Amino acid sequence: MPVASRKWVPLAVLAVFLAALPGIAEMLGDRYLVSLFSRLLIYALVAVSLDLILGYGGMVSFGHAAFFGVGAYTVAILSFHGFEGTPFLEWPLRIEGSTNALVTLPAAALCAAIFALIIGSLSLRTTGMHFIMITLAFAQMLYFLYISLERYGGDDGLSLYSRNDLPGLDLSDDGNFYYLCLGVLSISLFLGERLINSRFGQVIQGIRENERRMLALGFPVYRYRLACFVIAGGIAGLGGGLIANQTEFVSPGLMHWTQSGEILVMVLLGGMGTLFGPLLGALVFLLMEEILTGITEHWMVIMGPFLIGVVLYTRGGIYGLITGQEKAGG
Amino acid sequence: MLLIVEQFLNGLQLGVMLFLMSAGLTLVFGIMRVINLAHGSFYMVGAYVAATLVHQSGSFLFGLAGALLVTALLGMVVERVVLQRLYARDHLDQVLATFGLILLFNESTRMIWGRQPLFMDVPDWLSHTVELIPGAPYPSYRLAIIVVGMLVSVFLYLLFTRTRLGMQIRAGASNREMIAALGVNINRLYTLVFGLGALLAGLAGVMAGPILAVESGMGESILILTFVVIVIGGIGSIRGALIAALLVGMVDTLGRAFLPALFRLFLPVAQADGVGASFASMSAYILMAAVLVWRPRGLFPVAGS
Amino acid sequence: MDEPLLRVDSVTKRFGAVTASRNLSFTVQPGEIHALIGPNGSGKTTIINQLSGEINPDSGNIYFAGINLAGISVPARARMGLARSFQITSVFERLSVAQNLALAIQAHQGHSFRFWRRAHADPALGDLVEQALARVGLEERAEEPAINLSHGEKRQLDVGMALAGTTRLLLLDEPMAGMGPGGTVELSKLIRGLKGKLTILLVEHDMDVIFSLADRISVLVYGEAIATGTPREIRANPQVQRAYLGERL
């Protein structure tokens, strides 16, 4: 089969399946499927955003869950104040709470992007092992920071009174919320496809391939890396905003380092440096988790060696298997 | 004043634990260029094995010896079976495979010992307090930790400066090609270094046992502080690890003890405690950020890493 | 004589006990091909790296078009028109030949914070990429990932990338290294074609290439320039002959 159709046929099947999922769930009478798949789509979004820095930018960030968590907390905290009718901040400027998704979700992306800017500007001063450890450490720092926020539930987390309001769409309906997630993911994939083929995308891939050469060509590498890091952080924050709405609950656990590890696994499992690989990776990983937890509470005893096996014996991930490409280039 | 002395000793004690964790790990990073997330697992296994043996036999020293033996062996087995296949791989593969190891170890301990934390008693002969300065009693067990940490530092210093093995290890940290050229059996050296690192982590775990709850996942909370230590000290540098470990131990302990009080000087009490607690939990990381801005490769960068 | 395009003024660089550049001075005139030769370990690559900005001199100054380069970063120097090729071929292996060249061109077209338009459909890049492909003779291989190129082709691509921007001074660090005789001829032709259009500082071991291409030659020994002159003068210089004792000139 030519590569093009090997690539597009399975993806088209997947797209149709995802579009029809609420209907299928209805037929099976299993409403849980809709909320399960909402969660899968949100994690897919976060995995895609990580792949932007990991697969395309060549930066092994082990702290991506931090931005996911910051996004989630942004929504939760704004909603908390929105319901209470109290301002989140009075000084130096007054920031009111809000339960409007058109406010909270962009705010989630923005806050995560700001954190990514701060963390990225420090950690991108280093590369390799240093970068991995530093991103991990900063993520853990945020984890402890949010634990110390007693007002917002501290260790126990914070519940939302309800999902945010979106004018024209009732998000408390699981089906509607599912389509919101699907829409956000689709738009992100479309924008991601434009991004990686744009001048900017070519530059970050060039940096991944050969940083020294990029410098010698005249690219201020640090700035491009940082921009990529911030964009990815922002998208992860948006994902966090969605997960807060999906579960109507946030806790510091969202930014625990094992979350970062799991998102990394999704990307590698699906195929890094590809647009749709992380989507497949997230679906497979979370479905596996779902099935394994049904079999044994000690599912991690199976997942751990499975991961080691995936790393040692596969190249290119699931997406590579489907398309027959070892590792996608550019 | 007494509080300050006590907190200072607590900081020293945390610093010593962090040094035991980071000494082995920084060598593994520096010599094998492999990033190992599962180092905390040796700490955890050390604590579990010691807790079990002490409970069974009633002898702390027996538990300690058993735990050291088990962690060193476990380290060498893990190196042979998994890590050795990862040396030639990129850091991402190393991160993910060792992440898999963590899941495996954490869940295995849950299956073997259950979800309830184990508690380990301080041995009788260390269950007293010592008055280092009059009026400031300090638990002798914690003091023993500090002493053991100092002894290990001296031991490592002698190992690295006075023995052939130590020279090879140091040479390996700064120039891998050279030790290969000198005809050193690299594979054996790697396994030994890894075993030594695991043993030191196991020792830290045993000593932490009576202070903390022995539970699944306990390795990771100290692992991440260990990373902070290694980043600050410089990858591959034992001296850097020692100084950074003491620094981080102090900053973290003193921050937790005194930051809330400090903020009370200019904030209302409730707010000060919140802000103080937040900053205290971040203090070690803020220290790391400051070092990074100043010296991105750490305080004692090792050539070639 | 014109104002030199590049002036290296008393540059010293030590690595521990080794002095890689010792009070080194030479100039490169606009339009010339200036070759640096010298035995192994004479500090040729070290000075190239100081010119491109990857390492900084301990003392001394480097002027490019009259501007002191001290404190100017590697990418900023590149944007000023100081381009280089690498001793070990340095291309973007998983990107296509055309993408490689497009990146080199992009570097000189202002910032690349452009997130929407597809780079390969950008007319501001397309024509220039075509020209760059033609210049290095790789039109046929445009869509091939660079990793699939032969060693000689990668070399040509490497040089082509250094040429792609608004280059004024081209630093070529052993462009012939590891090439068969056929490849050497191809690349020599490419470099000769640039003569007069571009100023080139060439580090090379292949003496036939040097003496056929260079307008002037500087001889480095232990980090020091012991002689500068035309190929004929250098051949006749007794000091140079002594330094190269036993080596063919």
# chains A, B, ... in the order shown; residues from 1 in each chain; ligands from 1
$ closest_atom_pairs --of "chain A" --to "chain C" --cutoff "9 Å" --atoms "only C-alpha atoms" --output "CSV"
residue,atom,partner,partner_atom,distance
A:Leu191,CA,C:Trp116,CA,8.0
A:Arg194,CA,C:Trp116,CA,5.6
A:Leu195,CA,C:Phe115,CA,5.1
A:Ile196,CA,C:Phe115,CA,8.1
A:Asn197,CA,C:Arg118,CA,5.2
A:Ser198,CA,C:Arg118,CA,4.4
A:Arg199,CA,C:Ala119,CA,5.0
A:Phe200,CA,C:Ser112,CA,5.3
A:Gly201,CA,C:Phe115,CA,7.2
A:Gln202,CA,C:Leu103,CA,7.1
A:Val203,CA,C:Leu103,CA,6.8
A:Gln205,CA,C:Leu95,CA,8.2
A:Gly206,CA,C:Phe92,CA,6.2
A:Ile207,CA,C:Phe92,CA,8.7
A:Arg208,CA,C:Phe92,CA,8.7
A:Glu209,CA,C:Phe92,CA,5.3
A:Asn210,CA,C:Phe92,CA,6.1
A:Arg212,CA,C:Ser90,CA,8.5
A:Arg213,CA,C:Ser90,CA,6.5
A:Met214,CA,C:Pro75,CA,8.0
A:Leu215,CA,C:Pro75,CA,4.9
A:Ala216,CA,C:Pro75,CA,5.8
A:Leu217,CA,C:Ala78,CA,5.8
A:Gly218,CA,C:Pro75,CA,3.6
A:Phe219,CA,C:Pro75,CA,5.3
A:Pro220,CA,C:Pro75,CA,5.7
A:Val221,CA,C:Pro75,CA,8.3
A:Tyr224,CA,C:Phe113,CA,7.8
A:Ala227,CA,C:Phe113,CA,8.6
A:Ala328,CA,C:Arg94,CA,8.4
A:Gly329,CA,C:Arg94,CA,5.1
A:Gly330,CA,C:Leu95,CA,6.0
$ write_last_selection --atoms "N, CA, C and O atoms" --output "short mmCIF file (atom, residue, chain, number, x, y, z; two decimals), in the first residue's frame"
data_model
loop_
_atom_site.label_atom_id
_atom_site.label_comp_id
_atom_site.auth_asym_id
_atom_site.auth_seq_id
_atom_site.Cartn_x
_atom_site.Cartn_y
_atom_site.Cartn_z
N LEU A 191 -3.92 23.35 13.48
CA LEU A 191 -2.96 24.43 13.68
C LEU A 191 -1.54 23.87 13.84
O LEU A 191 -0.58 24.45 13.35
N ARG A 194 -0.07 23.19 10.51
CA ARG A 194 0.45 24.42 9.89
C ARG A 194 1.76 24.82 10.55
O ARG A 194 2.71 25.22 9.87
N LEU A 195 1.78 24.72 11.85
CA LEU A 195 2.95 25.19 12.61
C LEU A 195 4.22 24.44 12.22
O LEU A 195 5.26 25.05 11.95
N ILE A 196 4.13 23.10 12.16
CA ILE A 196 5.37 22.36 11.92
C ILE A 196 5.87 22.54 10.51
O ILE A 196 7.05 22.33 10.24
N ASN A 197 4.99 22.94 9.60
CA ASN A 197 5.45 23.18 8.23
C ASN A 197 5.78 24.64 7.96
O ASN A 197 6.22 24.99 6.86
N SER A 198 5.53 25.49 8.94
CA SER A 198 5.82 26.91 8.76
C SER A 198 7.31 27.15 8.91
O SER A 198 8.07 26.25 9.25
N ARG A 199 7.72 28.38 8.66
CA ARG A 199 9.14 28.72 8.86
C ARG A 199 9.56 28.40 10.29
O ARG A 199 10.63 27.84 10.52
N PHE A 200 8.71 28.75 11.24
CA PHE A 200 9.02 28.48 12.64
C PHE A 200 9.22 26.99 12.88
O PHE A 200 10.19 26.56 13.52
N GLY A 201 8.31 26.19 12.34
CA GLY A 201 8.39 24.74 12.52
C GLY A 201 9.66 24.17 11.92
O GLY A 201 10.28 23.28 12.49
N GLN A 202 10.04 24.69 10.75
CA GLN A 202 11.27 24.22 10.13
C GLN A 202 12.47 24.55 11.02
O GLN A 202 13.40 23.76 11.14
N VAL A 203 12.43 25.74 11.62
CA VAL A 203 13.54 26.15 12.48
C VAL A 203 13.66 25.22 13.69
O VAL A 203 14.75 24.74 14.00
N GLN A 205 12.71 22.20 14.00
CA GLN A 205 13.20 20.88 13.58
C GLN A 205 14.68 20.93 13.23
O GLN A 205 15.44 19.98 13.47
N GLY A 206 15.10 22.04 12.64
CA GLY A 206 16.53 22.21 12.36
C GLY A 206 17.34 22.20 13.65
O GLY A 206 18.41 21.59 13.72
N ILE A 207 16.80 22.83 14.68
CA ILE A 207 17.51 22.86 15.97
C ILE A 207 17.59 21.46 16.55
O ILE A 207 18.61 21.05 17.10
N ARG A 208 16.51 20.70 16.40
CA ARG A 208 16.52 19.31 16.89
C ARG A 208 17.63 18.52 16.19
O ARG A 208 18.37 17.78 16.83
N GLU A 209 17.74 18.73 14.88
CA GLU A 209 18.72 17.96 14.11
C GLU A 209 20.14 18.38 14.43
O GLU A 209 21.04 17.54 14.50
N ASN A 210 20.39 19.66 14.55
CA ASN A 210 21.78 20.12 14.63
C ASN A 210 21.83 21.56 15.14
O ASN A 210 21.79 22.51 14.38
N ARG A 212 24.26 23.24 16.62
CA ARG A 212 25.46 24.01 16.31
C ARG A 212 25.37 24.62 14.91
O ARG A 212 25.74 25.77 14.70
N ARG A 213 24.83 23.84 13.98
CA ARG A 213 24.70 24.33 12.62
C ARG A 213 23.70 25.49 12.56
O ARG A 213 23.89 26.46 11.82
N MET A 214 22.62 25.36 13.33
CA MET A 214 21.62 26.43 13.32
C MET A 214 22.22 27.74 13.82
O MET A 214 21.94 28.81 13.28
N LEU A 215 23.03 27.64 14.86
CA LEU A 215 23.70 28.84 15.36
C LEU A 215 24.60 29.43 14.28
O LEU A 215 24.59 30.64 14.03
N ALA A 216 25.36 28.54 13.62
CA ALA A 216 26.29 29.02 12.60
C ALA A 216 25.55 29.63 11.42
O ALA A 216 26.09 30.48 10.71
N LEU A 217 24.31 29.18 11.19
CA LEU A 217 23.53 29.78 10.10
C LEU A 217 22.97 31.14 10.50
O LEU A 217 22.54 31.91 9.64
N GLY A 218 22.94 31.43 11.78
CA GLY A 218 22.47 32.74 12.22
C GLY A 218 21.18 32.73 13.00
O GLY A 218 20.56 33.77 13.20
N PHE A 219 20.73 31.54 13.47
CA PHE A 219 19.49 31.50 14.25
C PHE A 219 19.79 31.63 15.75
O PHE A 219 20.57 30.85 16.28
N PRO A 220 19.17 32.58 16.43
CA PRO A 220 19.28 32.62 17.89
C PRO A 220 18.44 31.49 18.47
O PRO A 220 17.25 31.65 18.76
N VAL A 221 19.08 30.34 18.64
CA VAL A 221 18.39 29.08 18.95
C VAL A 221 17.53 29.16 20.20
O VAL A 221 16.40 28.68 20.24
N TYR A 224 13.98 30.54 19.83
CA TYR A 224 13.03 29.67 19.13
C TYR A 224 12.61 28.51 20.03
O TYR A 224 11.44 28.13 20.07
N ALA A 227 10.16 29.86 22.55
CA ALA A 227 8.84 30.10 21.96
C ALA A 227 8.09 28.79 21.82
O ALA A 227 6.90 28.69 22.15
N ALA A 328 9.29 9.47 11.57
CA ALA A 328 8.97 10.48 10.57
C ALA A 328 9.98 11.61 10.64
O ALA A 328 10.45 11.98 11.71
N GLY A 329 10.30 12.16 9.48
CA GLY A 329 11.29 13.23 9.46
C GLY A 329 10.66 14.58 9.67
O GLY A 329 10.52 15.05 10.78
N GLY A 330 10.24 15.22 8.63
CA GLY A 330 9.82 16.59 8.84
C GLY A 330 8.49 16.85 8.27
O GLY A 330 7.50 16.34 8.61
#
$ residues_around --residues "C:Leu172" --least-positions-apart "3" --cutoff "10 Å" --atoms "only C-alpha atoms" --output "list in words"
Ala35, Thr45, Ile48, Ala83, Arg84, Ser85, Phe86, Gln87, Asp158, Val159, Ala162, Leu169, Pro175, Met176, Ile191, Ile200, Leu201, Leu202, Val203 and Glu204 of chain C
$ select_by_dssp --residues "stretch 94-247 of chain C" --states "alpha helix (DSSP H)" --output "VMD selection string"
chain C and resid 97 to 106 123 to 136 151 to 164 181 to 194 207 to 213 231 to 236 238 to 243
$ select_by_dssp --residues "stretch 29-131 of chain A" --states "strand (DSSP E)" --output "PyMOL selection string"
chain A and resi 87-89+95-96
$ interface_residues --of "chain A" --to "chain B" --cutoff "8 Å" --atoms "only C-alpha atoms" --output "PyMOL selection string"
chain A and resi 60+122-123+125-126+128-130+133-134+136-138+140-142+144-145+148-150+261+264-265+298+300-309+311-312
$ write_last_selection --atoms "C-alpha atoms" --output "PDB file, in the first residue's frame"
ATOM      1  CA  VAL A  60      13.132  16.078  26.599  1.00  0.00           C
ATOM      2  CA  LEU A 122      15.653  29.034  33.109  1.00  0.00           C
ATOM      3  CA  SER A 123      15.797  25.409  32.047  1.00  0.00           C
ATOM      4  CA  ARG A 125      19.908  27.504  29.496  1.00  0.00           C
ATOM      5  CA  THR A 126      20.907  23.859  29.721  1.00  0.00           C
ATOM      6  CA  GLY A 128      20.541  17.002  27.860  1.00  0.00           C
ATOM      7  CA  MET A 129      20.434  15.423  31.285  1.00  0.00           C
ATOM      8  CA  HIS A 130      20.429  18.802  33.006  1.00  0.00           C
ATOM      9  CA  MET A 133      16.245  16.980  35.697  1.00  0.00           C
ATOM     10  CA  ILE A 134      15.523  20.685  35.839  1.00  0.00           C
ATOM     11  CA  LEU A 136      11.282  17.651  36.488  1.00  0.00           C
ATOM     12  CA  ALA A 137      12.398  19.653  39.496  1.00  0.00           C
ATOM     13  CA  PHE A 138      10.475  22.785  38.540  1.00  0.00           C
ATOM     14  CA  GLN A 140       7.696  19.221  41.324  1.00  0.00           C
ATOM     15  CA  MET A 141       8.190  22.677  42.771  1.00  0.00           C
ATOM     16  CA  LEU A 142       4.809  23.745  41.382  1.00  0.00           C
ATOM     17  CA  PHE A 144       4.475  21.482  46.246  1.00  0.00           C
ATOM     18  CA  LEU A 145       3.434  25.085  45.712  1.00  0.00           C
ATOM     19  CA  SER A 148       0.680  24.643  50.119  1.00  0.00           C
ATOM     20  CA  LEU A 149      -2.296  26.673  48.838  1.00  0.00           C
ATOM     21  CA  GLU A 150      -4.651  25.899  51.718  1.00  0.00           C
ATOM     22  CA  GLY A 261       6.095  10.503  32.841  1.00  0.00           C
ATOM     23  CA  LEU A 264       5.968  11.205  27.795  1.00  0.00           C
ATOM     24  CA  VAL A 265       5.103   7.539  27.467  1.00  0.00           C
ATOM     25  CA  HIS A 298      -1.555  -4.004  40.648  1.00  0.00           C
ATOM     26  CA  MET A 300       1.511  -1.070  37.206  1.00  0.00           C
ATOM     27  CA  VAL A 301       3.399  -4.325  37.649  1.00  0.00           C
ATOM     28  CA  ILE A 302       2.361  -5.099  34.085  1.00  0.00           C
ATOM     29  CA  MET A 303       2.680  -1.537  32.778  1.00  0.00           C
ATOM     30  CA  GLY A 304       6.253  -1.085  34.049  1.00  0.00           C
ATOM     31  CA  PRO A 305       7.870  -3.987  32.205  1.00  0.00           C
ATOM     32  CA  PHE A 306       5.666  -3.223  29.180  1.00  0.00           C
ATOM     33  CA  LEU A 307       7.185   0.263  29.061  1.00  0.00           C
ATOM     34  CA  ILE A 308      10.713  -1.089  29.303  1.00  0.00           C
ATOM     35  CA  GLY A 309       9.908  -3.472  26.473  1.00  0.00           C
ATOM     36  CA  VAL A 311      11.615   1.366  24.828  1.00  0.00           C
ATOM     37  CA  LEU A 312      14.026  -1.486  24.203  1.00  0.00           C
TER      38      LEU A 312
END
$ residues_around --residues "stretch 149-162 of chain B" --least-positions-apart "6" --cutoff "12 Å" --atoms "only C-alpha atoms" --output "JSON, numbers by chain"
{"B": [12, 13, 14, 15, 16, 17, 18, 19, 20, 21, 22, 23, 24, 27, 142, 143, 168, 169, 170, 171, 172, 173, 193, 196, 197, 199, 200, 201, 203, 204, 207, 237, 238, 239, 241, 242, 243, 245, 246]}
$ write_last_selection --atoms "C-alpha atoms" --output "PDB file, in the first residue's frame"
ATOM      1  CA  LEU B  12      22.824  18.710  58.288  1.00  0.00           C
ATOM      2  CA  GLN B  13      21.044  15.405  58.622  1.00  0.00           C
ATOM      3  CA  LEU B  14      18.930  15.966  55.502  1.00  0.00           C
ATOM      4  CA  GLY B  15      22.060  17.110  53.693  1.00  0.00           C
ATOM      5  CA  VAL B  16      23.850  13.905  54.622  1.00  0.00           C
ATOM      6  CA  MET B  17      20.959  11.787  53.349  1.00  0.00           C
ATOM      7  CA  LEU B  18      20.918  13.737  50.117  1.00  0.00           C
ATOM      8  CA  PHE B  19      24.632  13.250  49.761  1.00  0.00           C
ATOM      9  CA  LEU B  20      24.291   9.479  50.120  1.00  0.00           C
ATOM     10  CA  MET B  21      21.636   9.562  47.392  1.00  0.00           C
ATOM     11  CA  SER B  22      23.454  11.896  45.054  1.00  0.00           C
ATOM     12  CA  ALA B  23      27.012  10.568  45.375  1.00  0.00           C
ATOM     13  CA  GLY B  24      26.171   7.352  43.558  1.00  0.00           C
ATOM     14  CA  LEU B  27      28.666   9.094  39.190  1.00  0.00           C
ATOM     15  CA  ARG B 142      19.726  11.596  64.104  1.00  0.00           C
ATOM     16  CA  LEU B 143      23.190  12.398  65.309  1.00  0.00           C
ATOM     17  CA  GLN B 168      39.485   4.635  37.280  1.00  0.00           C
ATOM     18  CA  ILE B 169      36.083   5.902  38.320  1.00  0.00           C
ATOM     19  CA  ARG B 170      37.269   9.493  38.432  1.00  0.00           C
ATOM     20  CA  ALA B 171      38.989   9.133  35.089  1.00  0.00           C
ATOM     21  CA  GLY B 172      35.769   7.693  33.729  1.00  0.00           C
ATOM     22  CA  ALA B 173      33.755  10.680  34.877  1.00  0.00           C
ATOM     23  CA  VAL B 193      29.812   1.845  40.195  1.00  0.00           C
ATOM     24  CA  LEU B 196      28.023   1.165  44.857  1.00  0.00           C
ATOM     25  CA  GLY B 197      25.470   3.856  44.042  1.00  0.00           C
ATOM     26  CA  LEU B 199      24.271   0.512  48.104  1.00  0.00           C
ATOM     27  CA  LEU B 200      24.623   4.129  49.190  1.00  0.00           C
ATOM     28  CA  ALA B 201      20.983   4.770  48.288  1.00  0.00           C
ATOM     29  CA  LEU B 203      22.000   2.957  53.220  1.00  0.00           C
ATOM     30  CA  ALA B 204      20.116   6.239  53.049  1.00  0.00           C
ATOM     31  CA  MET B 207      18.631   5.299  57.947  1.00  0.00           C
ATOM     32  CA  SER B 237      31.212  15.766  40.672  1.00  0.00           C
ATOM     33  CA  ILE B 238      31.319  14.074  44.079  1.00  0.00           C
ATOM     34  CA  ARG B 239      32.643  17.221  45.700  1.00  0.00           C
ATOM     35  CA  ALA B 241      27.332  16.623  45.339  1.00  0.00           C
ATOM     36  CA  LEU B 242      28.617  16.966  48.904  1.00  0.00           C
ATOM     37  CA  ILE B 243      28.506  20.736  48.981  1.00  0.00           C
ATOM     38  CA  ALA B 245      23.642  18.301  49.354  1.00  0.00           C
ATOM     39  CA  LEU B 246      24.536  20.199  52.515  1.00  0.00           C
TER      40      LEU B 246
END
$ residues_around --residues "B:Gly195" --least-positions-apart "4" --cutoff "12 Å" --atoms "only C-alpha atoms" --output "VMD selection string"
chain B and resid 24 to 25 27 to 28 39 42 68 to 80 83 188 to 191 199 to 202
$ residues_around --residues "C:Thr46" --least-positions-apart "6" --cutoff "12 Å" --atoms "only C-alpha atoms" --output "ChimeraX atom specification"
/C:11-15,18-22,24,36,40,52-57,87,173,203,220,222-224
$ residues_around --residues "B:Leu132" --least-positions-apart "4" --cutoff "10 Å" --atoms "only C-alpha atoms" --output "PyMOL selection string"
chain B and resi 5-6+136-138+140+143
$ residues_around --residues "A:Ala66" --least-positions-apart "6" --cutoff "8 Å" --atoms "only C-alpha atoms" --output "JSON, numbers by chain"
{"A": [139, 140, 142, 143, 254, 255, 256, 260]}
$ write_last_selection --atoms "N, CA, C and O atoms" --output "compact mmCIF listing (two decimals), in the first residue's frame"
# COMPACT_ATOMS: atom_id res chain seq x y z
N ALA A 139 8.71 21.27 37.86
CA ALA A 139 7.34 20.76 37.90
C ALA A 139 6.98 20.33 39.32
O ALA A 139 5.89 20.63 39.82
N GLN A 140 7.95 19.68 39.96
CA GLN A 140 7.70 19.22 41.32
C GLN A 140 7.56 20.41 42.27
O GLN A 140 6.79 20.38 43.22
N LEU A 142 6.19 23.26 41.50
CA LEU A 142 4.81 23.74 41.38
C LEU A 142 3.85 22.82 42.11
O LEU A 142 2.88 23.26 42.74
N TYR A 143 4.13 21.52 42.03
CA TYR A 143 3.31 20.54 42.75
C TYR A 143 3.27 20.89 44.24
O TYR A 143 2.19 20.98 44.84
N LEU A 254 -2.55 16.25 39.60
CA LEU A 254 -2.53 16.49 38.15
C LEU A 254 -1.14 16.87 37.67
O LEU A 254 -0.80 16.65 36.52
N MET A 255 -0.35 17.51 38.55
CA MET A 255 0.97 17.92 38.11
C MET A 255 2.07 17.10 38.77
O MET A 255 3.23 17.48 38.76
N HIS A 256 1.68 15.97 39.33
CA HIS A 256 2.68 15.08 39.91
C HIS A 256 3.60 14.57 38.81
O HIS A 256 3.20 14.48 37.66
N SER A 260 3.71 13.57 34.31
CA SER A 260 4.64 13.96 33.25
C SER A 260 5.21 12.73 32.57
O SER A 260 5.33 12.68 31.34
$ atom_distance --atom1 "atom CA of B:Phe60" --atom2 "atom CA of B:Val206"
9.5 Å
